[in-house]
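Text of model-v3.csv, listed as CSV, C-alpha atoms:
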```
chain,number,residue,atom,x,y,z
C,1,MET,CA,16.3,20.0,30.8
C,2,ASN,CA,19.6,18.4,31.5
C,3,ASP,CA,22.1,16.7,29.2
C,4,ALA,CA,21.0,13.2,30.3
C,5,GLN,CA,17.4,13.9,29.4
C,6,THR,CA,18.4,15.3,26.0
C,7,GLU,CA,20.5,12.2,25.4
C,8,GLU,CA,17.6,10.0,26.5
C,9,ILE,CA,15.2,11.6,24.0
C,10,ARG,CA,17.8,11.4,21.2
C,11,ARG,CA,18.4,7.7,21.9
C,12,ARG,CA,14.7,6.8,21.9
C,13,LEU,CA,14.0,8.8,18.8
C,14,SER,CA,17.0,7.1,17.0
C,15,ARG,CA,15.8,3.7,18.1
C,16,THR,CA,12.2,4.4,16.9
C,17,LEU,CA,13.5,5.7,13.5
C,18,ALA,CA,15.8,2.8,13.0
C,19,ARG,CA,12.8,0.5,13.0
C,20,VAL,CA,10.9,2.1,10.2
C,21,CYS,CA,13.1,4.6,8.3
C,22,PRO,CA,13.3,3.6,4.6
C,23,ARG,CA,16.8,2.4,3.6
C,24,TRP,CA,17.1,5.1,1.0
C,25,LEU,CA,16.6,7.7,3.7
C,26,ALA,CA,19.0,6.2,6.2
C,27,ALA,CA,21.7,8.8,5.4
C,28,HIS,CA,19.4,11.5,6.7
C,29,SER,CA,18.4,9.8,9.9
C,30,GLU,CA,20.4,12.1,12.1
C,31,ASP,CA,18.8,15.1,10.6
C,32,ILE,CA,15.4,13.6,11.2
C,33,VAL,CA,16.2,12.8,14.8
C,34,GLN,CA,17.4,16.4,15.3
C,35,THR,CA,14.1,17.8,13.8
C,36,ALA,CA,12.0,15.5,15.9
C,37,MET,CA,14.0,16.6,19.0
C,38,LEU,CA,13.3,20.2,18.3
C,39,GLN,CA,9.6,19.4,17.8
C,40,VAL,CA,9.5,17.7,21.2
C,41,LEU,CA,11.2,20.5,23.0
C,42,ASN,CA,9.2,23.2,21.3
C,43,ALA,CA,6.0,21.4,22.2
C,44,ALA,CA,7.1,21.3,25.8
C,45,ARG,CA,8.0,25.0,25.7
C,46,ARG,CA,4.6,25.9,24.2
C,47,ARG,CA,2.9,24.0,27.1
C,48,GLY,CA,5.0,26.0,29.5
C,49,GLU,CA,6.6,22.9,31.0
C,50,GLY,CA,10.3,22.5,31.5
C,51,ASN,CA,10.2,18.7,31.0
C,52,PRO,CA,9.1,17.4,27.6
C,53,ASP,CA,6.6,14.6,27.2
C,54,LEU,CA,8.6,11.4,27.0
C,55,SER,CA,5.7,9.0,26.5
C,56,SER,CA,6.4,6.5,23.8
C,57,LEU,CA,3.4,7.5,21.7
C,58,TYR,CA,4.4,11.1,21.7
C,59,LEU,CA,8.0,10.4,20.7
C,60,GLU,CA,6.8,8.0,18.0
C,61,LYS,CA,4.5,10.7,16.6
C,62,ALA,CA,7.3,13.3,16.6
C,63,ALA,CA,9.7,10.9,14.9
C,64,TYR,CA,7.0,10.0,12.3
C,65,SER,CA,6.3,13.7,11.5
C,66,ALA,CA,9.9,14.5,11.1
C,67,MET,CA,10.5,11.5,8.9
C,68,VAL,CA,7.5,12.3,6.6
C,69,ASP,CA,8.6,15.9,6.4
C,70,GLU,CA,12.1,14.8,5.3
C,71,ILE,CA,10.6,12.4,2.7
C,72,ARG,CA,8.5,15.2,1.3
C,73,ARG,CA,11.5,17.6,1.2
C,74,HIS,CA,13.7,14.9,-0.4
C,75,ARG,CA,11.1,14.2,-3.1
C,76,ARG,CA,10.5,17.8,-3.9
C,77,ARG,CA,14.2,18.4,-4.2
C,78,ARG,CA,14.6,15.4,-6.5
C,79,GLU,CA,11.7,16.6,-8.7
C,80,GLU,CA,13.1,20.1,-8.9
C,81,SER,CA,16.5,18.8,-9.9
C,82,ALA,CA,14.9,16.3,-12.3
C,83,ASP,CA,17.1,13.7,-10.7
C,84,GLY,CA,15.5,10.4,-11.8
C,85,THR,CA,17.7,8.2,-9.5
C,86,PRO,CA,15.4,5.6,-8.1
C,87,GLU,CA,15.2,5.5,-4.3
C,88,VAL,CA,15.1,1.7,-4.2
C,89,ALA,CA,17.6,0.9,-6.9
C,90,GLY,CA,18.9,-1.9,-4.8
C,91,ASP,CA,15.6,-3.7,-4.8
C,92,ARG,CA,15.3,-3.6,-8.5
C,93,SER,CA,18.8,-4.3,-9.6
C,94,ASP,CA,17.8,-7.9,-10.7
C,95,ALA,CA,14.6,-6.8,-12.5
C,96,ASN,CA,14.7,-6.8,-16.3
C,97,PRO,CA,13.4,-3.7,-18.1
C,98,GLU,CA,10.4,-5.6,-19.5
C,99,SER,CA,9.1,-6.7,-16.1
C,100,VAL,CA,9.7,-3.2,-14.7
C,101,ALA,CA,7.7,-1.7,-17.5
C,102,ALA,CA,4.9,-4.2,-17.0
C,103,ALA,CA,4.8,-3.5,-13.2
C,104,ARG,CA,4.6,0.2,-14.0
C,105,GLU,CA,1.7,-0.4,-16.4
C,106,VAL,CA,-0.2,-2.4,-13.7
C,107,ALA,CA,0.5,0.3,-11.1
C,108,GLU,CA,-0.9,3.0,-13.5
C,109,GLY,CA,-3.9,0.7,-14.1
C,110,VAL,CA,-4.5,0.5,-10.4
C,111,ARG,CA,-4.3,4.2,-10.1
C,112,ALA,CA,-6.8,4.8,-12.9
C,113,CYS,CA,-9.2,2.1,-11.8
C,114,LEU,CA,-9.1,3.1,-8.1
C,115,ALA,CA,-10.1,6.7,-9.1
C,116,ASN,CA,-13.2,5.4,-10.9
C,117,LEU,CA,-14.6,3.3,-8.0
C,118,GLN,CA,-17.6,4.5,-6.1
C,119,ALA,CA,-16.5,6.6,-3.1
C,120,PRO,CA,-17.2,4.1,-0.3
C,121,ARG,CA,-15.6,1.3,-2.2
C,122,ARG,CA,-12.6,3.4,-3.0
C,123,LEU,CA,-12.1,4.2,0.6
C,124,ALA,CA,-12.4,0.5,1.6
C,125,VAL,CA,-10.2,-0.7,-1.2
C,126,THR,CA,-7.6,2.0,-0.6
C,127,LEU,CA,-7.2,0.9,3.0
C,128,HIS,CA,-7.1,-2.7,2.0
C,129,LEU,CA,-4.4,-2.0,-0.5
C,130,GLN,CA,-2.5,-0.2,2.3
C,131,GLY,CA,-2.4,-3.5,4.1
C,132,HIS,CA,-5.4,-3.1,6.5
C,133,SER,CA,-7.6,-6.1,7.2
C,134,VAL,CA,-11.4,-5.8,7.0
C,135,PRO,CA,-11.8,-5.3,10.8
C,136,GLU,CA,-9.2,-2.6,10.6
C,137,VAL,CA,-10.9,-0.9,7.7
C,138,ALA,CA,-14.1,-0.9,9.7
C,139,ALA,CA,-12.4,0.5,12.8
C,140,ILE,CA,-10.7,3.3,10.9
C,141,LEU,CA,-13.7,4.4,8.9
C,142,LYS,CA,-16.1,3.7,11.9
C,143,TRP,CA,-18.2,1.3,9.8
C,144,ARG,CA,-19.8,-1.9,10.8
C,145,THR,CA,-17.5,-4.8,10.0
C,146,LYS,CA,-20.1,-6.4,7.7
C,147,ALA,CA,-20.4,-3.2,5.7
C,148,ALA,CA,-16.6,-2.9,5.5
C,149,GLU,CA,-16.4,-6.5,4.3
C,150,ASN,CA,-18.9,-6.0,1.6
C,151,LEU,CA,-17.3,-2.8,0.4
C,152,VAL,CA,-13.8,-4.2,0.4
C,153,TYR,CA,-14.8,-7.3,-1.6
C,154,ARG,CA,-17.1,-5.5,-4.0
C,155,GLY,CA,-14.5,-2.8,-4.5
C,156,LEU,CA,-11.8,-5.3,-5.2
C,157,ALA,CA,-14.1,-7.0,-7.7
C,158,ASP,CA,-14.7,-3.7,-9.4
C,159,LEU,CA,-10.9,-3.0,-9.4
C,160,ARG,CA,-10.1,-6.4,-11.0
C,161,ARG,CA,-12.9,-6.0,-13.5
C,162,CYS,CA,-11.5,-2.6,-14.5
C,163,LEU,CA,-7.9,-3.9,-14.7
C,164,SER,CA,-9.2,-6.8,-16.8
C,165,MET,CA,-10.9,-4.4,-19.2
C,166,LYS,CA,-7.5,-2.7,-19.6
C,167,GLY,CA,-5.9,-6.0,-20.3
C,168,LEU,CA,-4.1,-6.0,-17.0
C,169,ALA,CA,-5.8,-8.9,-15.3
C,170,ARG,CA,-7.3,-12.2,-16.1
Z,1,MET,CA,1.8,-13.5,-17.9
Z,2,SER,CA,4.0,-11.4,-15.7
Z,3,ARG,CA,1.9,-8.3,-15.6
Z,4,THR,CA,-1.2,-10.0,-14.3
Z,5,PRO,CA,-2.1,-8.8,-10.8
Z,6,GLY,CA,-3.6,-11.8,-9.0
Z,7,PRO,CA,-3.8,-11.9,-5.3
Z,8,PRO,CA,-4.2,-8.8,-3.1
Z,9,GLU,CA,-0.5,-8.8,-2.4
Z,10,ASP,CA,0.2,-8.1,-6.1
Z,11,LEU,CA,-2.3,-5.3,-6.1
Z,12,ARG,CA,-0.8,-3.9,-2.9
Z,13,ALA,CA,2.7,-4.0,-4.4
Z,14,ALA,CA,1.4,-2.2,-7.5
Z,15,PHE,CA,-0.3,0.4,-5.3
Z,16,ALA,CA,2.8,0.9,-3.1
Z,17,SER,CA,5.0,1.3,-6.1
Z,18,LEU,CA,3.1,4.4,-7.2
Z,19,SER,CA,4.6,6.2,-4.2
Z,20,GLU,CA,8.2,5.9,-5.4
Z,21,SER,CA,8.0,8.9,-7.7
Z,22,SER,CA,5.2,10.8,-6.0
Z,23,VAL,CA,5.6,14.3,-4.6
Z,24,SER,CA,3.3,15.9,-2.0
Z,25,GLY,CA,1.5,19.2,-2.7
Z,26,PRO,CA,0.2,22.1,-0.8
Z,27,GLU,CA,-3.2,20.5,-0.5
Z,28,CYS,CA,-1.8,17.4,1.3
Z,29,PRO,CA,-2.7,16.9,4.9
Z,30,SER,CA,0.1,17.3,7.4
Z,31,PRO,CA,1.9,14.3,8.7
Z,32,GLU,CA,0.2,14.9,12.1
Z,33,GLU,CA,-3.2,14.8,10.4
Z,34,ILE,CA,-2.4,11.6,8.6
Z,35,TRP,CA,-1.1,10.1,11.9
Z,36,ASP,CA,-4.3,11.2,13.7
Z,37,ALA,CA,-6.6,9.9,11.0
Z,38,ALA,CA,-4.8,6.5,10.9
Z,39,ALA,CA,-5.0,6.4,14.7
Z,40,GLY,CA,-8.7,7.1,14.8
Z,41,GLY,CA,-8.3,10.4,16.5
Z,42,GLU,CA,-10.1,12.4,13.9
Z,43,SER,CA,-13.8,12.7,13.1
Z,44,PRO,CA,-15.2,10.1,10.7
Z,45,ALA,CA,-15.6,12.7,8.0
Z,46,ARG,CA,-12.0,13.9,8.3
Z,47,VAL,CA,-10.7,10.3,8.3
Z,48,SER,CA,-12.7,9.6,5.2
Z,49,ALA,CA,-11.3,12.8,3.6
Z,50,VAL,CA,-7.7,11.8,4.4
Z,51,VAL,CA,-8.2,8.2,3.2
Z,52,ASP,CA,-9.8,9.5,0.0
Z,53,HIS,CA,-6.8,11.8,-0.5
Z,54,THR,CA,-4.4,8.9,-0.1
Z,55,SER,CA,-6.3,7.0,-2.9
Z,56,GLY,CA,-5.0,9.5,-5.4
Z,57,CYS,CA,-2.0,11.0,-3.7
Z,58,PHE,CA,0.7,8.3,-3.3
Z,59,ALA,CA,3.1,10.5,-1.3
Z,60,CYS,CA,0.4,10.6,1.4
Z,61,ALA,CA,-0.4,6.9,0.8
Z,62,GLU,CA,3.2,6.2,1.7
Z,63,ALA,CA,2.9,8.4,4.8
Z,64,TRP,CA,-0.1,6.4,5.8
Z,65,ARG,CA,1.8,3.2,5.5
Z,66,LEU,CA,4.6,4.6,7.5
Z,67,ALA,CA,2.2,5.6,10.3
Z,68,ARG,CA,0.9,2.1,10.2
Z,69,GLU,CA,4.4,0.7,10.5
Z,70,PHE,CA,5.2,2.9,13.4
Z,71,GLY,CA,2.2,1.6,15.3
Z,72,GLY,CA,2.4,-2.0,14.1
Z,73,GLN,CA,6.0,-2.3,15.4
Z,74,SER,CA,4.9,-1.5,18.9
Z,75,LYS,CA,2.5,-4.4,19.3
Z,76,MET,CA,3.0,-6.0,22.6
Z,77,ALA,CA,1.6,-9.0,24.4
Z,78,PRO,CA,-1.2,-8.4,26.8
Z,79,GLY,CA,-0.8,-8.8,30.5
Z,80,SER,CA,1.3,-6.9,32.9
Z,81,PRO,CA,3.0,-8.6,35.8
Z,82,GLY,CA,3.2,-5.4,37.7
Z,83,SER,CA,-0.4,-4.2,37.3
Z,84,THR,CA,-2.6,-3.8,40.3
Z,85,PRO,CA,-6.3,-4.5,40.5
Z,86,ALA,CA,-8.5,-1.6,39.5
Z,87,ALA,CA,-5.5,0.6,39.4
Z,88,ARG,CA,-6.5,4.1,38.3
Z,89,VAL,CA,-3.6,6.4,37.4
Z,90,PRO,CA,-4.5,10.0,36.6
Z,91,GLY,CA,-2.1,12.6,35.3
Z,92,ARG,CA,0.8,12.7,33.0
Z,93,ARG,CA,3.4,12.1,35.6
Z,94,ALA,CA,1.8,8.9,36.8
Z,95,TRP,CA,1.2,7.8,33.2
Z,96,THR,CA,4.9,8.2,32.5
Z,97,ALA,CA,5.7,6.1,35.6
Z,98,LEU,CA,3.4,3.4,34.3
Z,99,ALA,CA,4.6,3.6,30.7
Z,100,ALA,CA,6.1,0.1,30.9
Z,101,ALA,CA,2.8,-1.3,32.1
Z,102,VAL,CA,1.0,0.5,29.4
Z,103,VAL,CA,3.3,-0.8,26.7
Z,104,VAL,CA,2.9,-4.4,27.7
Z,105,LEU,CA,-0.8,-4.1,27.9
Z,106,SER,CA,-0.5,-3.3,24.2
Z,107,ALA,CA,-1.4,-0.2,22.1
Z,108,GLY,CA,-2.0,3.3,23.3
Z,109,ILE,CA,-4.5,6.0,22.6
Z,110,GLY,CA,-3.1,7.4,19.4
Z,111,VAL,CA,-2.2,4.3,17.5
Z,112,VAL,CA,-5.2,2.4,18.4
Z,113,VAL,CA,-6.3,1.3,15.0
Z,114,LEU,CA,-2.8,1.1,13.6
Z,115,ARG,CA,-1.6,-1.4,16.1
Z,116,ARG,CA,-4.3,-4.0,16.2
Z,117,GLY,CA,-7.0,-2.5,14.0
Z,118,ALA,CA,-9.5,-2.6,16.8
Z,119,PRO,CA,-10.6,-6.0,15.8
Z,120,SER,CA,-14.0,-7.4,16.5
Z,121,VAL,CA,-14.2,-11.0,17.5
Z,122,VAL,CA,-16.6,-13.6,16.0
Z,123,THR,CA,-17.9,-16.2,18.4
Z,124,ARG,CA,-18.7,-19.8,17.5
Z,125,ALA,CA,-22.3,-18.9,17.1
Z,126,GLY,CA,-21.3,-16.4,14.5
Z,127,GLU,CA,-22.0,-13.4,16.7
Z,128,GLU,CA,-19.7,-10.5,16.2
Z,129,VAL,CA,-18.3,-9.0,19.3
Z,130,GLU,CA,-17.1,-5.4,19.4
Z,131,ILE,CA,-16.8,-2.5,21.7
Z,132,ARG,CA,-18.8,0.7,20.8
Z,133,SER,CA,-18.9,4.0,22.6
Z,134,LEU,CA,-22.2,4.8,24.3
Z,135,VAL,CA,-21.2,8.4,24.7
Z,136,PRO,CA,-22.9,10.6,22.1
Z,137,GLU,CA,-20.4,12.6,20.0
Z,138,SER,CA,-23.0,15.3,19.4
Z,139,ALA,CA,-23.0,16.8,22.8
Z,140,PRO,CA,-20.0,18.0,24.8
Z,141,LEU,CA,-19.2,16.0,27.9
Z,142,PRO,CA,-19.8,17.8,31.2
Z,143,ARG,CA,-16.7,18.2,33.3
Z,144,GLU,CA,-18.4,17.5,36.6
Z,145,THR,CA,-19.9,14.2,35.4
Z,146,CYS,CA,-17.5,13.1,32.7
Z,147,ILE,CA,-18.4,9.5,32.3
Z,148,LEU,CA,-17.2,7.3,29.5
Z,149,LYS,CA,-19.4,4.3,28.7
Z,150,TRP,CA,-19.1,1.5,26.2
Z,151,SER,CA,-20.9,-1.5,25.1
Z,152,GLN,CA,-20.2,-4.8,26.8
Z,153,PRO,CA,-18.6,-7.4,24.5
Z,154,GLY,CA,-19.6,-10.2,26.9
Z,155,ASP,CA,-20.4,-11.1,30.5
Z,156,GLY,CA,-17.5,-11.0,32.9
Z,157,ALA,CA,-15.2,-8.9,30.8
Z,158,ARG,CA,-12.5,-6.8,32.4
Z,159,TYR,CA,-11.6,-3.5,30.9
Z,160,THR,CA,-8.6,-1.2,30.5
Z,161,VAL,CA,-9.4,2.3,29.4
Z,162,ARG,CA,-6.9,4.9,28.3
Z,163,VAL,CA,-7.7,8.6,27.9
Z,164,GLY,CA,-5.6,11.2,26.3
Z,165,THR,CA,-5.7,14.5,24.5
Z,166,GLU,CA,-5.8,14.9,20.7
Z,167,ASP,CA,-2.0,15.4,20.7
Z,168,LEU,CA,-1.6,12.1,22.5
Z,169,SER,CA,-0.7,13.5,25.9
Z,170,PRO,CA,-2.1,10.9,28.3
Z,171,ILE,CA,-4.8,12.0,30.8
Z,172,ALA,CA,-5.8,8.8,32.6
Z,173,LEU,CA,-5.4,5.1,32.6
Z,174,ALA,CA,-7.6,2.7,34.4
Z,175,GLU,CA,-7.2,-1.1,34.5
Z,176,HIS,CA,-9.1,-4.1,35.6
Z,177,LEU,CA,-12.5,-2.3,35.5
Z,178,ASP,CA,-15.4,-4.7,35.9
Z,179,GLN,CA,-18.0,-2.2,34.7
Z,180,PRO,CA,-18.2,-0.8,31.1
Z,181,GLU,CA,-17.8,2.8,32.3
Z,182,TYR,CA,-15.2,5.1,33.7
Z,183,ARG,CA,-15.5,8.5,35.3
Z,184,LEU,CA,-12.9,11.1,34.8
Z,185,THR,CA,-12.4,13.5,37.7
Z,186,ALA,CA,-12.1,17.3,37.6
Z,187,THR,CA,-8.4,16.9,38.4
Z,188,ASP,CA,-7.9,14.7,35.3
Z,189,LEU,CA,-9.4,17.4,33.1
Z,190,GLU,CA,-8.0,20.5,34.8
Z,191,LYS,CA,-5.4,21.0,32.1
Z,192,ILE,CA,-7.8,20.4,29.2
Z,193,PRO,CA,-9.1,23.7,27.9
Z,194,PRO,CA,-12.9,24.2,27.4
Z,195,GLY,CA,-14.1,22.8,24.1
Z,196,ALA,CA,-11.0,20.6,23.6
Z,197,ALA,CA,-11.5,17.0,22.7
Z,198,ILE,CA,-10.4,13.8,24.5
Z,199,VAL,CA,-9.6,10.6,22.8
Z,200,TRP,CA,-10.2,7.3,24.6
Z,201,ARG,CA,-10.0,3.7,23.9
Z,202,VAL,CA,-11.0,0.5,25.7
Z,203,GLU,CA,-9.5,-2.9,25.7
Z,204,ALA,CA,-11.5,-5.9,27.1
Z,205,VAL,CA,-10.4,-9.3,28.2
Z,206,LEU,CA,-13.2,-11.9,28.2
Z,207,PRO,CA,-13.4,-14.7,30.6
Z,208,ASP,CA,-12.2,-17.2,28.0
Z,209,GLY,CA,-9.0,-15.1,27.5
Z,210,ARG,CA,-10.0,-13.3,24.2
Z,211,HIS,CA,-8.8,-9.7,23.9
Z,212,ILE,CA,-10.9,-7.1,22.1
Z,213,ALA,CA,-9.8,-3.6,21.4
Z,214,SER,CA,-12.1,-0.7,20.6
Z,215,PRO,CA,-11.3,1.9,18.0
Z,216,GLY,CA,-10.4,5.3,19.4
Z,217,PHE,CA,-13.4,7.4,20.4
Z,218,ARG,CA,-13.4,11.2,20.4
Z,219,ASN,CA,-15.5,13.5,22.5
Z,220,ARG,CA,-15.4,17.2,23.1
Z,221,LEU,CA,-15.5,18.6,26.6
Z,222,GLU,CA,-17.6,21.5,27.8
```
Starting from the coordinates I provided, produce the structure as structure tokens.
Amino acid sequence: MNDAQTEEIRRRLSRTLARVCPRWLAAHSEDIVQTAMLQVLNAARRRGEGNPDLSSLYLEKAAYSAMVDEIRRHRRRREESADGTPEVAGDRSDANPESVAAAREVAEGVRACLANLQAPRRLAVTLHLQGHSVPEVAAILKWRTKAAENLVYRGLADLRRCLSMKGLAR
Amino acid sequence: MSRTPGPPEDLRAAFASLSESSVSGPECPSPEEIWDAAAGGESPARVSAVVDHTSGCFACAEAWRLAREFGGQSKMAPGSPGSTPAARVPGRRAWTALAAAVVVLSAGIGVVVLRRGAPSVVTRAGEEVEIRSLVPESAPLPRETCILKWSQPGDGARYTVRVGTEDLSPIALAEHLDQPEYRLTATDLEKIPPGAAIVWRVEAVLPDGRHIASPGFRNRLE
């Protein structure tokens, strides 16, 4: 592989990462690009091909994997060093301590209530809370759309009921 | 009352906030597994297992959202000015050459579900339209007669089908098909080892202009 190809891969990986890399991780973006490049080149070597796969999907997956690995490493390091610095401090600089504490309480309530949902409703609600629409939930879990719709709405009702019992929802 | 979670957006924000201090563990699926599950490239049981894991592991829940963001950002408008009727493009090299066309035709094999969520369409009569695989997952596909078939979402639909390996290497692309089936040749499959799986996806354009995308389907080869 020549220098031009290497530069092309680096440029495309950098562009991909720039779109989605969390702000708090931006300082590590070069490391992530480097890791992703190695992954692409090693994969090409394993397949016995001189030229790496340059399809957009493949590069996106490589960039994604490298980024998630870096996030995991970062979080483990932070936990080991007991560094409580928030990653998104900038986003919360205006929040008062009371509202931060209330938000944390609600989040913990969501965690506990979600764990107590029946399994199919938990799957449906988890994906919905991740931002997926009902048709997306159906497609991901290979369910019929109507079934997914029922499970999302019943699961959300259960979740709200549970939060309400904890005094966290009306 | 400020702590009352009301609409789903509040619940989503509360759920997402759990990731800020979460740490992955040895039992966590790899990023590649999460990507594949989110893209529909895993078996239903495995996808369910990964999703269930994300319901209690917020580091992996964050990884899922990031996978979604990667895919969602690549959403493109349908239609390719350079496409040719019934163009059939086997092989990785040819796929790369047509990468631009693939991109504008929206979505790829791996990020199928992430990009558009394989939406079904509801007609005015209330009928739900979707594309389902008609290839049983239980039996491996024969290489000599490797035919992918899917349900018709409506009369007069035109199809684009994309086929790839599980690691997202493209195998074949066919556009403007007027029949709900596609036959892979032995040449298409020559680099795929016995027992390996292919992942494929169909997009349909109905005569009234509606676009329907299938989820990703997965079948093993002989």
Item to check | 9 Å contact set for Arg154 (chain C), all atoms listed in the file, chain neighbours under 4 positions out, as number ranges by chain | outcome: C: 121, 125, 149-150, 158-159
Could I get the residues of chain C with an atom no further than 7 Å from an atom of chain Z, each paired with its nearest atom pair and that distance in Å to one decimal, using all atoms listed in the file, sorted by chain and residue number, as a tab-separated table?
```
residue	atom	partner	partner_atom	distance
C:Val20	CA	Z:Phe70	CA	6.6
C:Ser55	CA	Z:Thr96	CA	6.1
C:Leu57	CA	Z:Leu168	CA	6.8
C:Tyr58	CA	Z:Leu168	CA	6.1
C:Tyr64	CA	Z:Ala67	CA	6.8
C:Ser65	CA	Z:Pro31	CA	5.2
C:Val68	CA	Z:Ala63	CA	6.3
C:Arg72	CA	Z:Ser24	CA	6.2
C:Arg75	CA	Z:Val23	CA	5.7
C:Arg76	CA	Z:Val23	CA	6.1
C:Ser99	CA	Z:Ser2	CA	6.9
C:Ala102	CA	Z:Arg3	CA	5.3
C:Ala103	CA	Z:Arg3	CA	6.1
C:Val106	CA	Z:Ala14	CA	6.4
C:Ala107	CA	Z:Ala14	CA	4.5
C:Val110	CA	Z:Phe15	CA	6.6
C:Ala115	CA	Z:Gly56	CA	6.9
C:Leu123	CA	Z:Asp52	CA	5.8
C:Thr126	CA	Z:Ser55	CA	5.7
C:Leu129	CA	Z:Arg12	CA	4.7
C:Gln130	CA	Z:Arg65	CA	6.3
C:Pro135	CA	Z:Pro119	CA	5.2
C:Glu136	CA	Z:Gly117	CA	4.1
C:Ala139	CA	Z:Pro215	CA	5.5
C:Ile140	CA	Z:Gly40	CA	5.8
C:Leu141	CA	Z:Pro44	CA	6.2
C:Lys142	CA	Z:Pro44	CA	6.6
C:Leu168	CA	Z:Thr4	CA	5.6
C:Ala169	CA	Z:Thr4	CA	4.8
C:Arg170	CA	Z:Thr4	CA	6.7
```
Would you pick out the contacts of Gln179 (chain Z) at 12 Å or less, using all atoms listed in the file, so that residues sharing its chain but fewer than 4 positions from it are not included, and give the list as a CSV table (one decimal) with C-alpha atoms, in the coordinates of the input?
```csv
chain,number,residue,atom,x,y,z
Z,86,ALA,CA,-8.5,-1.6,39.5
Z,147,ILE,CA,-18.4,9.5,32.3
Z,148,LEU,CA,-17.2,7.3,29.5
Z,149,LYS,CA,-19.4,4.3,28.7
Z,150,TRP,CA,-19.1,1.5,26.2
Z,151,SER,CA,-20.9,-1.5,25.1
Z,152,GLN,CA,-20.2,-4.8,26.8
Z,153,PRO,CA,-18.6,-7.4,24.5
Z,154,GLY,CA,-19.6,-10.2,26.9
Z,155,ASP,CA,-20.4,-11.1,30.5
Z,156,GLY,CA,-17.5,-11.0,32.9
Z,157,ALA,CA,-15.2,-8.9,30.8
Z,158,ARG,CA,-12.5,-6.8,32.4
Z,159,TYR,CA,-11.6,-3.5,30.9
Z,160,THR,CA,-8.6,-1.2,30.5
Z,161,VAL,CA,-9.4,2.3,29.4
Z,174,ALA,CA,-7.6,2.7,34.4
Z,175,GLU,CA,-7.2,-1.1,34.5
Z,183,ARG,CA,-15.5,8.5,35.3
Z,202,VAL,CA,-11.0,0.5,25.7
Z,204,ALA,CA,-11.5,-5.9,27.1
```
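Separating CA of Pro194 (chain Z) from CA of Leu141 (chain Z) is a distance of 10.4 Å.
Remark: residues at most 10 Å from position (16.4, 7.5, 19.4) in file coordinates are Glu7, Glu8, Ile9, Arg10, Arg11, Arg12, Leu13, Ser14, Arg15, Thr16, Leu17, Ala18, Ser29, Glu30, Val33, Gln34, Ala36, Met37, Leu59, Glu60 and Ala63 of chain C, using all atoms listed in the file.
Relative to CA of Leu221 (chain Z), CA of Val199 (chain Z) is found at 10.6 Å.
Picture a line from CA of Lys166 (chain C) to CA of Arg111 (chain C); it runs 12.2 Å.
Restricting the calculation to all atoms listed in the file, the smallest distance between Arg161 (chain C) and any of C:Met67, C:Ala101, C:Arg23, C:Asn116 is found for C:Asn116.
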How would region 11-21 of chain C look with N, CA and C atoms restored, written as a PDB file, keeping the file's coordinate frame?
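Saved to part_2.pdb:
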```
ATOM      1  N   ARG C  11      18.255   9.172  22.064  1.00  0.00           N
ATOM      2  CA  ARG C  11      18.400   7.700  21.900  1.00  0.00           C
ATOM      3  C   ARG C  11      17.108   7.040  21.566  1.00  0.00           C
ATOM      4  N   ARG C  12      16.032   7.486  22.221  1.00  0.00           N
ATOM      5  CA  ARG C  12      14.700   6.800  21.900  1.00  0.00           C
ATOM      6  C   ARG C  12      14.231   7.187  20.548  1.00  0.00           C
ATOM      7  N   LEU C  13      14.450   8.421  20.149  1.00  0.00           N
ATOM      8  CA  LEU C  13      14.000   8.800  18.800  1.00  0.00           C
ATOM      9  C   LEU C  13      14.834   8.011  17.748  1.00  0.00           C
ATOM     10  N   SER C  14      16.127   7.884  17.994  1.00  0.00           N
ATOM     11  CA  SER C  14      17.000   7.100  17.000  1.00  0.00           C
ATOM     12  C   SER C  14      16.517   5.701  16.937  1.00  0.00           C
ATOM     13  N   ARG C  15      16.191   5.124  18.085  1.00  0.00           N
ATOM     14  CA  ARG C  15      15.800   3.700  18.100  1.00  0.00           C
ATOM     15  C   ARG C  15      14.449   3.561  17.341  1.00  0.00           C
ATOM     16  N   THR C  16      13.531   4.492  17.579  1.00  0.00           N
ATOM     17  CA  THR C  16      12.200   4.400  16.900  1.00  0.00           C
ATOM     18  C   THR C  16      12.421   4.545  15.384  1.00  0.00           C
ATOM     19  N   LEU C  17      13.252   5.485  14.976  1.00  0.00           N
ATOM     20  CA  LEU C  17      13.500   5.700  13.500  1.00  0.00           C
ATOM     21  C   LEU C  17      14.153   4.516  12.885  1.00  0.00           C
ATOM     22  N   ALA C  18      15.076   3.923  13.607  1.00  0.00           N
ATOM     23  CA  ALA C  18      15.800   2.800  13.000  1.00  0.00           C
ATOM     24  C   ALA C  18      14.905   1.680  12.599  1.00  0.00           C
ATOM     25  N   ARG C  19      13.772   1.553  13.283  1.00  0.00           N
ATOM     26  CA  ARG C  19      12.800   0.500  13.000  1.00  0.00           C
ATOM     27  C   ARG C  19      12.160   0.680  11.631  1.00  0.00           C
ATOM     28  N   VAL C  20      11.821   1.913  11.320  1.00  0.00           N
ATOM     29  CA  VAL C  20      10.900   2.100  10.200  1.00  0.00           C
ATOM     30  C   VAL C  20      11.479   3.030   9.083  1.00  0.00           C
ATOM     31  N   CYS C  21      12.607   3.632   9.298  1.00  0.00           N
ATOM     32  CA  CYS C  21      13.100   4.600   8.300  1.00  0.00           C
ATOM     33  C   CYS C  21      13.471   3.807   6.999  1.00  0.00           C
TER      34      CYS C  21
END
```
